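Visitor: Structure: work_6.txt, compact mmCIF, C-alpha atoms.
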# COMPACT_ATOMS: atom_id res chain seq x y z
CA MET A 1 3.16 -63.09 67.07
CA SER A 2 2.70 -66.63 68.07
CA LEU A 3 0.56 -66.77 71.16
CA LEU A 4 1.25 -69.99 73.01
CA PHE A 5 -1.02 -69.51 76.00
CA ALA A 6 -3.25 -66.97 77.71
CA ASP A 7 -5.23 -67.10 80.94
CA SER A 8 -7.13 -64.34 82.71
CA PHE A 9 -8.44 -66.85 85.29
CA ASP A 10 -11.88 -65.39 84.58
CA GLY A 11 -13.15 -67.50 81.69
CA VAL A 12 -15.59 -70.36 81.12
CA ILE A 13 -12.67 -72.83 81.10
CA ALA A 14 -11.02 -71.96 84.41
CA GLY A 15 -8.59 -73.26 86.99
CA GLY A 16 -6.53 -76.33 86.24
CA ALA A 17 -8.39 -77.16 83.02
CA LYS A 18 -5.91 -75.05 80.99
CA TRP A 19 -2.79 -76.16 82.86
CA ASP A 20 -0.72 -79.36 82.86
CA ASN A 21 -0.26 -79.30 86.63
CA TRP A 22 -2.37 -77.32 89.09
CA HIS A 23 -2.21 -77.16 92.89
CA THR A 24 -5.66 -77.80 94.32
CA SER A 25 -5.31 -75.04 96.94
CA ASN A 26 -5.03 -72.29 94.30
CA GLU A 27 -7.95 -69.88 94.66
CA ILE A 28 -9.73 -68.08 91.81
CA HIS A 29 -12.09 -65.31 92.89
CA SER A 30 -13.07 -61.74 92.09
CA ASN A 31 -11.35 -60.74 95.36
CA TYR A 32 -8.03 -61.44 93.62
CA GLY A 33 -8.57 -59.52 90.36
CA ARG A 34 -7.79 -55.89 89.63
CA ASN A 35 -11.16 -54.46 88.64
CA GLY A 36 -13.82 -56.86 89.86
CA THR A 37 -12.67 -59.58 87.48
CA LYS A 38 -11.35 -62.87 88.79
CA GLY A 39 -7.67 -63.48 89.48
CA MET A 40 -5.67 -66.32 90.97
CA LEU A 41 -4.30 -66.30 94.51
CA VAL A 42 -1.05 -68.29 94.58
CA THR A 43 -1.14 -70.47 97.66
CA GLY A 44 0.28 -74.01 97.69
CA SER A 45 2.72 -75.07 100.38
CA SER A 46 6.43 -75.61 101.01
CA LEU A 47 5.76 -79.36 100.87
CA ALA A 48 4.33 -79.08 97.35
CA PRO A 49 5.76 -75.84 95.92
CA ILE A 50 4.56 -76.28 92.34
CA VAL A 51 1.52 -74.07 91.92
CA ALA A 52 0.99 -74.36 88.15
CA ILE A 53 2.89 -75.83 85.19
CA LYS A 54 2.33 -75.26 81.48
CA ALA A 55 4.27 -77.24 78.87
CA LEU A 56 5.29 -75.11 75.88
CA ASP A 57 6.03 -75.93 72.25
CA PRO A 58 7.41 -72.69 70.82
CA VAL A 59 8.58 -72.26 67.23
CA THR A 60 11.57 -70.16 68.31
CA ASN A 61 14.04 -70.27 71.20
CA ARG A 62 12.86 -66.86 72.44
CA VAL A 63 9.84 -66.90 74.75
CA THR A 64 8.18 -64.01 76.57
CA VAL A 65 5.76 -64.28 79.48
CA GLY A 66 3.82 -61.45 81.09
CA ALA A 67 1.12 -61.00 83.73
CA TRP A 68 -0.29 -58.64 86.32
CA VAL A 69 1.05 -59.64 89.76
CA TYR A 70 0.40 -58.37 93.30
CA CYS A 71 2.27 -59.53 96.42
CA GLU A 72 0.05 -59.59 99.52
CA ASN A 73 2.95 -59.77 102.00
CA PRO A 74 4.07 -56.32 103.22
CA SER A 75 7.19 -57.88 104.74
CA GLY A 76 9.26 -61.06 104.55
CA GLY A 77 11.74 -62.28 101.99
CA PRO A 78 11.05 -64.96 99.38
CA GLY A 79 11.52 -68.60 100.23
CA THR A 80 13.65 -70.92 98.14
CA PHE A 81 10.67 -71.97 96.03
CA ASP A 82 8.89 -68.62 95.72
CA GLU A 83 9.06 -68.17 91.94
CA VAL A 84 6.65 -65.74 90.25
CA PHE A 85 7.89 -66.71 86.76
CA ARG A 86 10.10 -69.71 86.00
CA LEU A 87 11.11 -70.84 82.51
CA ASP A 88 13.05 -74.06 81.86
CA SER A 89 14.68 -75.34 78.70
CA GLY A 90 16.10 -78.63 79.93
CA SER A 91 19.54 -77.03 79.72
CA GLY A 92 18.90 -73.88 81.68
CA THR A 93 16.52 -71.97 83.91
CA VAL A 94 15.57 -68.37 84.59
CA VAL A 95 13.50 -67.19 87.58
CA VAL A 96 11.93 -63.88 88.63
CA THR A 97 10.52 -63.47 92.12
CA TRP A 98 9.88 -60.89 94.82
CA GLY A 99 12.99 -59.27 96.31
CA GLU A 100 14.24 -59.14 99.89
CA SER A 101 14.11 -55.34 99.76
CA LEU A 102 10.28 -55.42 99.46
CA THR A 103 10.39 -52.87 96.63
CA ARG A 104 12.24 -54.69 93.83
CA PHE A 105 12.16 -57.98 91.96
CA ARG A 106 14.92 -60.61 92.13
CA LEU A 107 16.40 -62.36 89.08
CA SER A 108 18.36 -65.62 89.04
CA GLY A 109 19.12 -68.39 86.60
CA THR A 110 21.68 -70.28 84.58
CA GLY A 111 24.68 -68.05 83.91
CA LEU A 112 23.16 -65.18 85.92
CA ALA A 113 24.16 -63.81 89.31
CA THR A 114 21.26 -63.79 91.77
CA GLN A 115 20.42 -60.11 92.10
CA GLU A 116 17.72 -57.58 92.81
CA ILE A 117 16.90 -55.59 89.69
CA GLY A 118 15.43 -52.20 88.85
CA ALA A 119 14.99 -49.10 90.95
CA ALA A 120 13.26 -49.10 94.33
CA GLY A 121 9.50 -49.27 93.82
CA THR A 122 9.55 -51.26 90.59
CA GLY A 123 8.79 -54.45 92.54
CA GLN A 124 6.71 -52.84 95.27
CA ARG A 125 4.58 -55.09 97.47
CA LEU A 126 0.81 -54.46 97.81
CA THR A 127 0.80 -52.95 94.31
CA TRP A 128 -0.39 -54.35 90.98
CA ILE A 129 2.57 -54.56 88.57
CA PHE A 130 2.65 -55.83 85.01
CA LEU A 131 5.73 -58.09 85.05
CA GLU A 132 7.31 -59.48 81.86
CA LEU A 133 10.21 -61.86 81.30
CA MET A 134 11.87 -62.56 77.94
CA TRP A 135 14.40 -65.41 77.73
CA GLU A 136 16.40 -66.92 74.90
CA PRO A 137 18.83 -69.37 76.53
CA GLY A 138 22.45 -68.44 75.92
CA VAL A 139 21.46 -65.31 73.99
CA ALA A 140 19.33 -62.77 75.83
CA VAL A 141 17.23 -62.16 78.93
CA GLU A 142 15.20 -59.07 79.85
CA VAL A 143 12.78 -58.25 82.65
CA ARG A 144 10.26 -55.39 82.46
CA ALA A 145 7.78 -53.91 84.93
CA ASN A 146 4.93 -51.76 83.65
CA GLY A 147 6.77 -51.48 80.34
CA THR A 148 10.07 -50.28 81.84
CA SER A 149 13.19 -52.43 81.46
CA LEU A 150 14.65 -53.50 84.82
CA PHE A 151 17.44 -55.74 83.52
CA SER A 152 18.84 -57.01 80.23
CA GLY A 153 21.84 -59.21 79.64
CA THR A 154 23.23 -62.47 78.32
CA PRO A 155 22.26 -65.60 80.24
CA GLY A 156 23.67 -69.09 80.15
CA GLY A 157 21.84 -72.22 79.13
CA SER A 158 20.79 -73.53 75.74
CA GLY A 159 17.87 -75.05 73.92
CA THR A 160 14.22 -74.02 73.69
CA PRO A 161 12.13 -72.94 76.69
CA ASN A 162 9.59 -75.75 77.03
CA VAL A 163 8.10 -75.38 80.52
CA PHE A 164 6.61 -72.42 82.39
CA GLN A 165 6.06 -72.69 86.13
CA ILE A 166 4.70 -70.71 89.05
CA ARG A 167 6.07 -71.99 92.38
CA ARG A 168 5.37 -70.90 95.94
CA GLN A 169 6.81 -71.52 99.40
CA SER A 170 6.07 -68.73 101.88
CA LEU A 171 4.77 -65.58 100.16
CA ARG A 172 1.26 -65.09 98.75
CA TRP A 173 0.56 -63.24 95.53
CA ARG A 174 -2.14 -62.70 92.94
CA VAL A 175 -1.91 -63.26 89.18
CA GLU A 176 -4.19 -62.00 86.41
CA ASP A 177 -4.10 -61.70 82.59
CA LEU A 178 -1.14 -63.97 81.87
CA TYR A 179 0.23 -64.46 78.34
CA ILE A 180 3.05 -66.53 76.84
CA LEU A 181 4.34 -66.11 73.26
CA ASP A 182 7.34 -66.88 71.10
CA SER A 183 9.07 -64.54 68.64
CA SER A 184 7.79 -66.07 65.40
CA GLY A 185 5.59 -64.19 62.98
CA SER A 186 5.54 -60.51 62.17
CA HIS A 187 2.83 -59.19 64.50
CA GLN A 188 3.29 -58.46 68.21
CA ASN A 189 6.10 -61.01 68.62
CA ASP A 190 7.82 -59.26 71.52
CA PHE A 191 6.82 -57.69 74.84
CA LEU A 192 3.13 -56.80 74.79
CA GLY A 193 3.29 -54.42 77.75
CA PRO A 194 0.41 -53.99 80.19
CA ILE A 195 -2.60 -55.77 78.69
CA LYS A 196 -6.03 -56.96 79.65
CA ILE A 197 -7.62 -60.20 78.53
CA ILE A 198 -11.34 -60.04 77.82
CA ASN A 199 -13.22 -63.32 78.06
CA LEU A 200 -15.95 -63.85 75.50
CA LYS A 201 -18.33 -66.80 75.60
CA PRO A 202 -20.97 -68.13 73.19
CA ASP A 203 -24.24 -66.22 73.29
CA GLY A 204 -26.13 -67.66 70.30
CA ALA A 205 -26.18 -70.02 67.34
CA GLY A 206 -23.94 -69.25 64.39
CA ASN A 207 -23.88 -70.34 60.74
CA ARG A 208 -23.56 -74.07 61.54
CA THR A 209 -25.53 -76.18 64.05
CA GLU A 210 -24.70 -79.79 63.21
CA LEU A 211 -23.68 -81.28 66.55
CA ASP A 212 -26.09 -82.95 68.96
CA PRO A 213 -26.59 -81.34 72.38
CA GLU A 214 -26.48 -83.37 75.59
CA PRO A 215 -28.84 -82.91 77.31
CA ALA A 216 -31.29 -81.59 74.73
CA GLY A 217 -31.36 -77.83 74.32
CA ASN A 218 -29.53 -75.06 72.51
CA ASN A 219 -26.06 -76.11 71.40
CA TRP A 220 -24.48 -72.79 72.34
CA GLU A 221 -25.83 -73.02 75.87
CA ARG A 222 -24.35 -76.49 76.32
CA VAL A 223 -20.83 -75.20 75.62
CA SER A 224 -21.01 -71.87 77.43
CA ASP A 225 -21.67 -72.98 81.01
CA GLY A 226 -18.20 -74.33 81.91
CA ASP A 227 -19.66 -77.72 82.88
CA ASP A 228 -18.23 -80.86 81.25
CA ALA A 229 -21.50 -82.66 82.03
CA THR A 230 -23.21 -80.60 79.30
CA TYR A 231 -21.75 -80.80 75.81
CA VAL A 232 -22.29 -81.30 72.10
CA GLU A 233 -21.19 -84.36 70.11
CA GLY A 234 -21.04 -85.52 66.54
CA ASP A 235 -19.36 -87.50 63.80
CA PRO A 236 -16.52 -86.60 61.43
CA GLY A 237 -17.61 -83.73 59.21
CA ASP A 238 -19.99 -82.28 61.78
CA GLY A 239 -19.38 -78.91 63.38
CA ASP A 240 -20.90 -75.95 65.17
CA LEU A 241 -20.33 -72.21 64.99
CA TYR A 242 -21.45 -69.79 67.68
CA THR A 243 -21.83 -66.07 68.04
CA PHE A 244 -19.99 -64.58 71.01
CA ASP A 245 -20.25 -61.69 73.43
CA ASP A 246 -19.15 -58.37 71.97
CA LEU A 247 -16.03 -56.61 73.17
CA SER A 248 -16.71 -53.93 75.74
CA GLY A 249 -14.46 -51.28 74.20
CA SER A 250 -12.55 -50.14 71.16
CA GLU A 251 -8.96 -50.83 72.28
CA ASP A 252 -6.48 -52.44 69.88
CA VAL A 253 -6.85 -56.21 69.67
CA LEU A 254 -3.49 -57.99 70.02
CA GLY A 255 -4.84 -61.43 69.20
CA VAL A 256 -7.62 -63.95 69.75
CA VAL A 257 -7.06 -67.20 71.63
CA GLN A 258 -9.80 -69.83 71.30
CA TYR A 259 -10.14 -72.68 73.81
CA PHE A 260 -12.29 -75.79 73.53
CA ARG A 261 -12.56 -79.05 75.45
CA ALA A 262 -13.02 -82.26 73.48
CA PHE A 263 -12.19 -85.96 73.32
CA ASP A 264 -12.75 -89.05 71.17
CA SER A 265 -15.23 -91.32 72.95
CA GLU A 266 -14.99 -94.04 70.28
CA GLY A 267 -11.23 -94.54 70.29
CA GLY A 268 -10.98 -93.98 66.55
CA ALA A 269 -8.36 -91.22 66.51
CA ILE A 270 -10.90 -88.61 65.48
CA THR A 271 -9.44 -85.22 64.63
CA GLY A 272 -10.91 -82.00 65.93
CA ARG A 273 -10.15 -78.40 65.05
CA ALA A 274 -11.24 -74.93 65.97
CA ILE A 275 -13.01 -73.04 63.20
CA ALA A 276 -13.75 -69.35 62.71
CA ARG A 277 -16.13 -67.52 60.38
CA VAL A 278 -15.06 -63.97 59.56
CA ASP A 279 -16.85 -61.69 57.09
CA GLY A 280 -18.83 -64.66 55.73
CA THR A 281 -15.86 -66.99 55.12
CA GLU A 282 -15.03 -70.02 57.27
CA TYR A 283 -11.43 -70.76 58.27
CA ASP A 284 -9.90 -73.90 59.79
CA GLY A 285 -7.58 -73.92 62.76
CA ASP A 286 -4.91 -76.54 63.42
CA ASP A 287 -5.92 -80.22 63.41
CA VAL A 288 -5.72 -81.97 66.78
CA VAL A 289 -5.89 -85.76 67.21
CA LEU A 290 -8.33 -85.98 70.08
CA PRO A 291 -7.35 -88.00 73.18
CA GLY A 292 -9.49 -90.66 74.82
CA SER A 293 -10.42 -88.44 77.75
CA VAL A 294 -11.55 -84.83 77.87
CA ALA A 295 -8.76 -82.26 77.48
CA THR A 296 -8.39 -78.56 76.76
CA HIS A 297 -7.16 -77.52 73.33
CA VAL A 298 -5.98 -74.06 72.27
CA GLN A 299 -6.12 -72.28 68.92
CA PRO A 300 -4.36 -68.92 68.69
CA TRP A 301 -5.63 -66.61 65.95
CA ASP A 302 -2.76 -64.12 66.02
CA VAL A 303 -4.25 -62.08 63.17
CA SER A 304 -7.57 -62.06 61.39
CA PRO A 305 -7.61 -65.10 59.06
CA ASP A 306 -9.69 -63.01 56.66
CA THR A 307 -7.20 -60.17 56.16
CA GLY A 308 -3.89 -61.42 57.55
CA GLN A 309 -3.78 -58.20 59.56
CA PRO A 310 -4.39 -57.48 63.25
CA TRP A 311 -7.97 -58.01 64.33
CA THR A 312 -10.23 -55.00 64.58
CA PRO A 313 -12.85 -54.81 67.35
CA ALA A 314 -15.58 -54.88 64.68
CA GLU A 315 -14.17 -58.11 63.19
CA VAL A 316 -14.10 -59.80 66.60
CA ASP A 317 -17.66 -58.70 67.36
CA GLY A 318 -18.89 -60.00 64.01
CA ALA A 319 -16.93 -63.26 63.99
CA GLU A 320 -18.27 -66.72 64.82
CA PHE A 321 -16.11 -69.39 66.42
CA GLY A 322 -16.68 -73.09 66.92
CA VAL A 323 -15.33 -76.59 66.44
CA GLU A 324 -15.46 -79.28 63.75
CA PHE A 325 -14.67 -82.98 63.78
CA ALA A 326 -12.83 -84.65 60.89
For this file, write the structure as structure tokens.

Guide:
Amino acid sequence: MSLLFADSFDGVIAGGAKWDNWHTSNEIHSNYGRNGTKGMLVTGSSLAPIVAIKALDPVTNRVTVGAWVYCENPSGGPGTFDEVFRLDSGSGTVVVTWGESLTRFRLSGTGLATQEIGAAGTGQRLTWIFLELMWEPGVAVEVRANGTSLFSGTPGGSGTPNVFQIRRQSLRWRVEDLYILDSSGSHQNDFLGPIKIINLKPDGAGNRTELDPEPAGNNWERVSDGDDATYVEGDPGDGDLYTFDDLSGSEDVLGVVQYFRAFDSEGGAITGRAIARVDGTEYDGDDVVLPGSVATHVQPWDVSPDTGQPWTPAEVDGAEFGVEFA
């Protein structure tokens, strides 16, 4: 599996901080989640239909996106710009949205006839549905709801999907636990099916505490409050590791996605990277040349770096995660 992006809308880094474009009227609140957790209410307007955009850099031409979705409108067809999932490749597009029938989804895109898909009830309004879209331009497209295939076929277009969008015109819907992945790797590189994303945040100091907190205090507290005004800083070679909340259950772990916000205040092209400590051994994530202003960076750990196999709940609970400058 190659996880490209994940957002439950319930984490320390929330809202537009993870996205490349974010409509300011989007609402994140526990009223919009499934089980008391936070979800996003898609609002926006017909004058500015783009709700959220995420640029993608997949290794393969096949990309899959999935999320829990819930349409609040018991009646009314979709507007031109109501797009629950939209993937673009530069030479093609595929879109899934709510159907006119009120009980099915609608599919459209390059080389595809605009059509309602699946049996009645598979796109039911006022119901949480786990919607997934797989697209490889010119090769394959498939849409699933709650793990059941609604449509599969051969689309038009070409190239690599490089942009994911949510767009809205007239309907209102909720989104929670969204993932995007490509088909590289050998673990979980296809539809994940109905999932939940559990947000874990630092809860203590780990094996390294080398960065300086601002303001003074515990390093782990400065990076766990979601406030850019509190932070840690350091020079090349310095790093921190933190312990994290434990998982709340024993379900299979499909992957770990680590987010951190960082920038280079000196303009010296400093490199940063996520680091993980598993079973006493430290592992480096991908190097990132830090920009001159604060930005969000993502490090997928598709499998345990210690074993090369899927994470176990015990490994996640015992692991430390952090960041290092180079």

Visitor: Which one of A:Pro215, A:Gly206, A:Gly147, A:Gly322 sits closest to Gly66 in chain A if you count only C-alpha atoms?

Guide: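 Using only C-alpha atoms, Gly66 in chain A sits closest to A:Gly147.
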
Visitor: Quick one: contact table of range 246-269 of chain A to range 286-310 of chain A, 6 Å max, nearest atom pair and distance in Å to one decimal per residue, counting all atoms listed in the file, chain and number order, as JSON lines?

Guide:
{"residue": "A:Gly255", "atom": "CA", "partner": "A:Asp302", "partner_atom": "CA", "distance": 4.7}
{"residue": "A:Val256", "atom": "CA", "partner": "A:Trp301", "partner_atom": "CA", "distance": 5.0}
{"residue": "A:Val257", "atom": "CA", "partner": "A:Pro300", "partner_atom": "CA", "distance": 4.3}
{"residue": "A:Gln258", "atom": "CA", "partner": "A:Gln299", "partner_atom": "CA", "distance": 5.0}
{"residue": "A:Tyr259", "atom": "CA", "partner": "A:Val298", "partner_atom": "CA", "distance": 4.6}
{"residue": "A:Phe260", "atom": "CA", "partner": "A:His297", "partner_atom": "CA", "distance": 5.4}
{"residue": "A:Arg261", "atom": "CA", "partner": "A:Thr296", "partner_atom": "CA", "distance": 4.4}
{"residue": "A:Ala262", "atom": "CA", "partner": "A:Val294", "partner_atom": "CA", "distance": 5.3}
{"residue": "A:Phe263", "atom": "CA", "partner": "A:Val294", "partner_atom": "CA", "distance": 4.7}
{"residue": "A:Asp264", "atom": "CA", "partner": "A:Gly292", "partner_atom": "CA", "distance": 5.2}

Visitor: Check the smallest atom-to-atom distance from each of A:Tyr70, A:Tyr231, A:Trp98, A:Phe164 to Leu41 in chain A using only C-alpha atoms, then report the winner.

Guide: A:Tyr70

Visitor: Skipping near chain neighbours, those fewer than 4 positions away, what residues fall within 9 Å of Tyr283 in chain A using all atoms listed in the file, listed as an NGL selection string?

Guide: :A and (274-278 or 305-306)

Visitor: Could you save those same residues with C-alpha atoms as a PDB file, keeping the file's coordinate frame?

Guide:
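Below is the file again_5.pdb, written as the result:
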ATOM      1  CA  ALA A 274     -11.240 -74.930  65.970  1.00  0.00           C
ATOM      2  CA  ILE A 275     -13.010 -73.040  63.200  1.00  0.00           C
ATOM      3  CA  ALA A 276     -13.750 -69.350  62.710  1.00  0.00           C
ATOM      4  CA  ARG A 277     -16.130 -67.520  60.380  1.00  0.00           C
ATOM      5  CA  VAL A 278     -15.060 -63.970  59.560  1.00  0.00           C
ATOM      6  CA  PRO A 305      -7.610 -65.100  59.060  1.00  0.00           C
ATOM      7  CA  ASP A 306      -9.690 -63.010  56.660  1.00  0.00           C
TER       8      ASP A 306
END

Visitor: Here's a test: counting all atoms listed in the file, identify every protein, DNA and RNA residue with an atom at most 8 Å from (19.7, -68.7, 74.1) in the file's coordinate frame, and state them as a short mmCIF file (atom, residue, chain, number, x, y, z; two decimals) with C-alpha atoms, in the frame of the given file.

Guide:
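Written out: result02.cif:
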data_model
loop_
_atom_site.label_atom_id
_atom_site.label_comp_id
_atom_site.auth_asym_id
_atom_site.auth_seq_id
_atom_site.Cartn_x
_atom_site.Cartn_y
_atom_site.Cartn_z
CA ASN A 61 14.04 -70.27 71.20
CA ARG A 62 12.86 -66.86 72.44
CA TRP A 135 14.40 -65.41 77.73
CA GLU A 136 16.40 -66.92 74.90
CA PRO A 137 18.83 -69.37 76.53
CA GLY A 138 22.45 -68.44 75.92
CA VAL A 139 21.46 -65.31 73.99
CA ALA A 140 19.33 -62.77 75.83
CA PRO A 155 22.26 -65.60 80.24
CA GLY A 156 23.67 -69.09 80.15
CA GLY A 157 21.84 -72.22 79.13
CA SER A 158 20.79 -73.53 75.74
CA GLY A 159 17.87 -75.05 73.92
CA THR A 160 14.22 -74.02 73.69
#

Visitor: Taking into account only C-alpha atoms, which residue in the set A:Leu247, A:Ala319, A:Val95, A:Leu171 is nearest to Asn207 in chain A?

Guide: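 Smallest separation from Asn207 in chain A among the options: A:Ala319.
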
Visitor: List every residue of range 27-101 of chain A that has an atom at most 12 Å from any atom of range 194-197 of chain A, giving for each one its closest atom pair and the distance in Å to one decimal, counting only C-alpha atoms, sorted by chain and then by ascending residue number, as a Markdown table.

Guide:
| residue | atom | partner | partner_atom | distance |
| --- | --- | --- | --- | --- |
| A:Gly33 | CA | A:Lys196 | CA | 11.3 |
| A:Arg34 | CA | A:Lys196 | CA | 10.2 |
| A:Asn35 | CA | A:Lys196 | CA | 10.6 |
| A:Thr37 | CA | A:Ile197 | CA | 10.3 |
| A:Lys38 | CA | A:Ile197 | CA | 11.2 |
| A:Gly39 | CA | A:Ile197 | CA | 11.4 |
| A:Val65 | CA | A:Pro194 | CA | 11.6 |
| A:Gly66 | CA | A:Pro194 | CA | 8.3 |
| A:Ala67 | CA | A:Pro194 | CA | 7.9 |
| A:Trp68 | CA | A:Pro194 | CA | 7.7 |
| A:Val69 | CA | A:Pro194 | CA | 11.1 |

Visitor: Do you know which residues lie at most 10 Å from (16.2, -55.8, 82.0), with coordinates as in the file and only C-alpha atoms counted, and could you write them as a PyMOL selection string?

Guide: chain A and resi 107+117-118+132-134+140-145+148-153

Visitor: Just checking: using only C-alpha atoms, which residue out of A:Gly280, A:Gly123, A:Gly79, A:Gly239 ends up closest to Pro49 in chain A?

Guide: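 Among A:Gly280, A:Gly123, A:Gly79, A:Gly239, it is A:Gly79 that comes nearest to Pro49 in chain A.
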
Visitor: For Pro58 in chain A, list every protein, DNA or RNA residue within 10 Å, evaluated using only C-alpha atoms, and leave out those in the same chain fewer than 3 positions away; present the list as an MDAnalysis selection string.

Guide: chainID A and resid 2:4 55 61:63 160:162 180:184

Visitor: When you count all atoms listed in the file, which of these residues is closest to Leu200 in chain A: A:Ala52, A:Asn219, A:Phe244, A:Met40?

Guide: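 Between A:Ala52, A:Asn219, A:Phe244, A:Met40, the residue approaching Leu200 in chain A most closely is A:Phe244.
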
Visitor: Tell me which of A:Asp57, A:Asp7, A:Asp245, A:Glu100 sits closest to Val316 in chain A, counting all atoms listed in the file.

Guide: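 With all atoms listed in the file as the atom set, the closest residue is A:Asp245.
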
Visitor: Please indicate the distance in Å from CA of Phe85 in chain A to CA of Trp311 in chain A, rounded to one decimal place.

Guide: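 Interatomic distance here is 28.8 Å.
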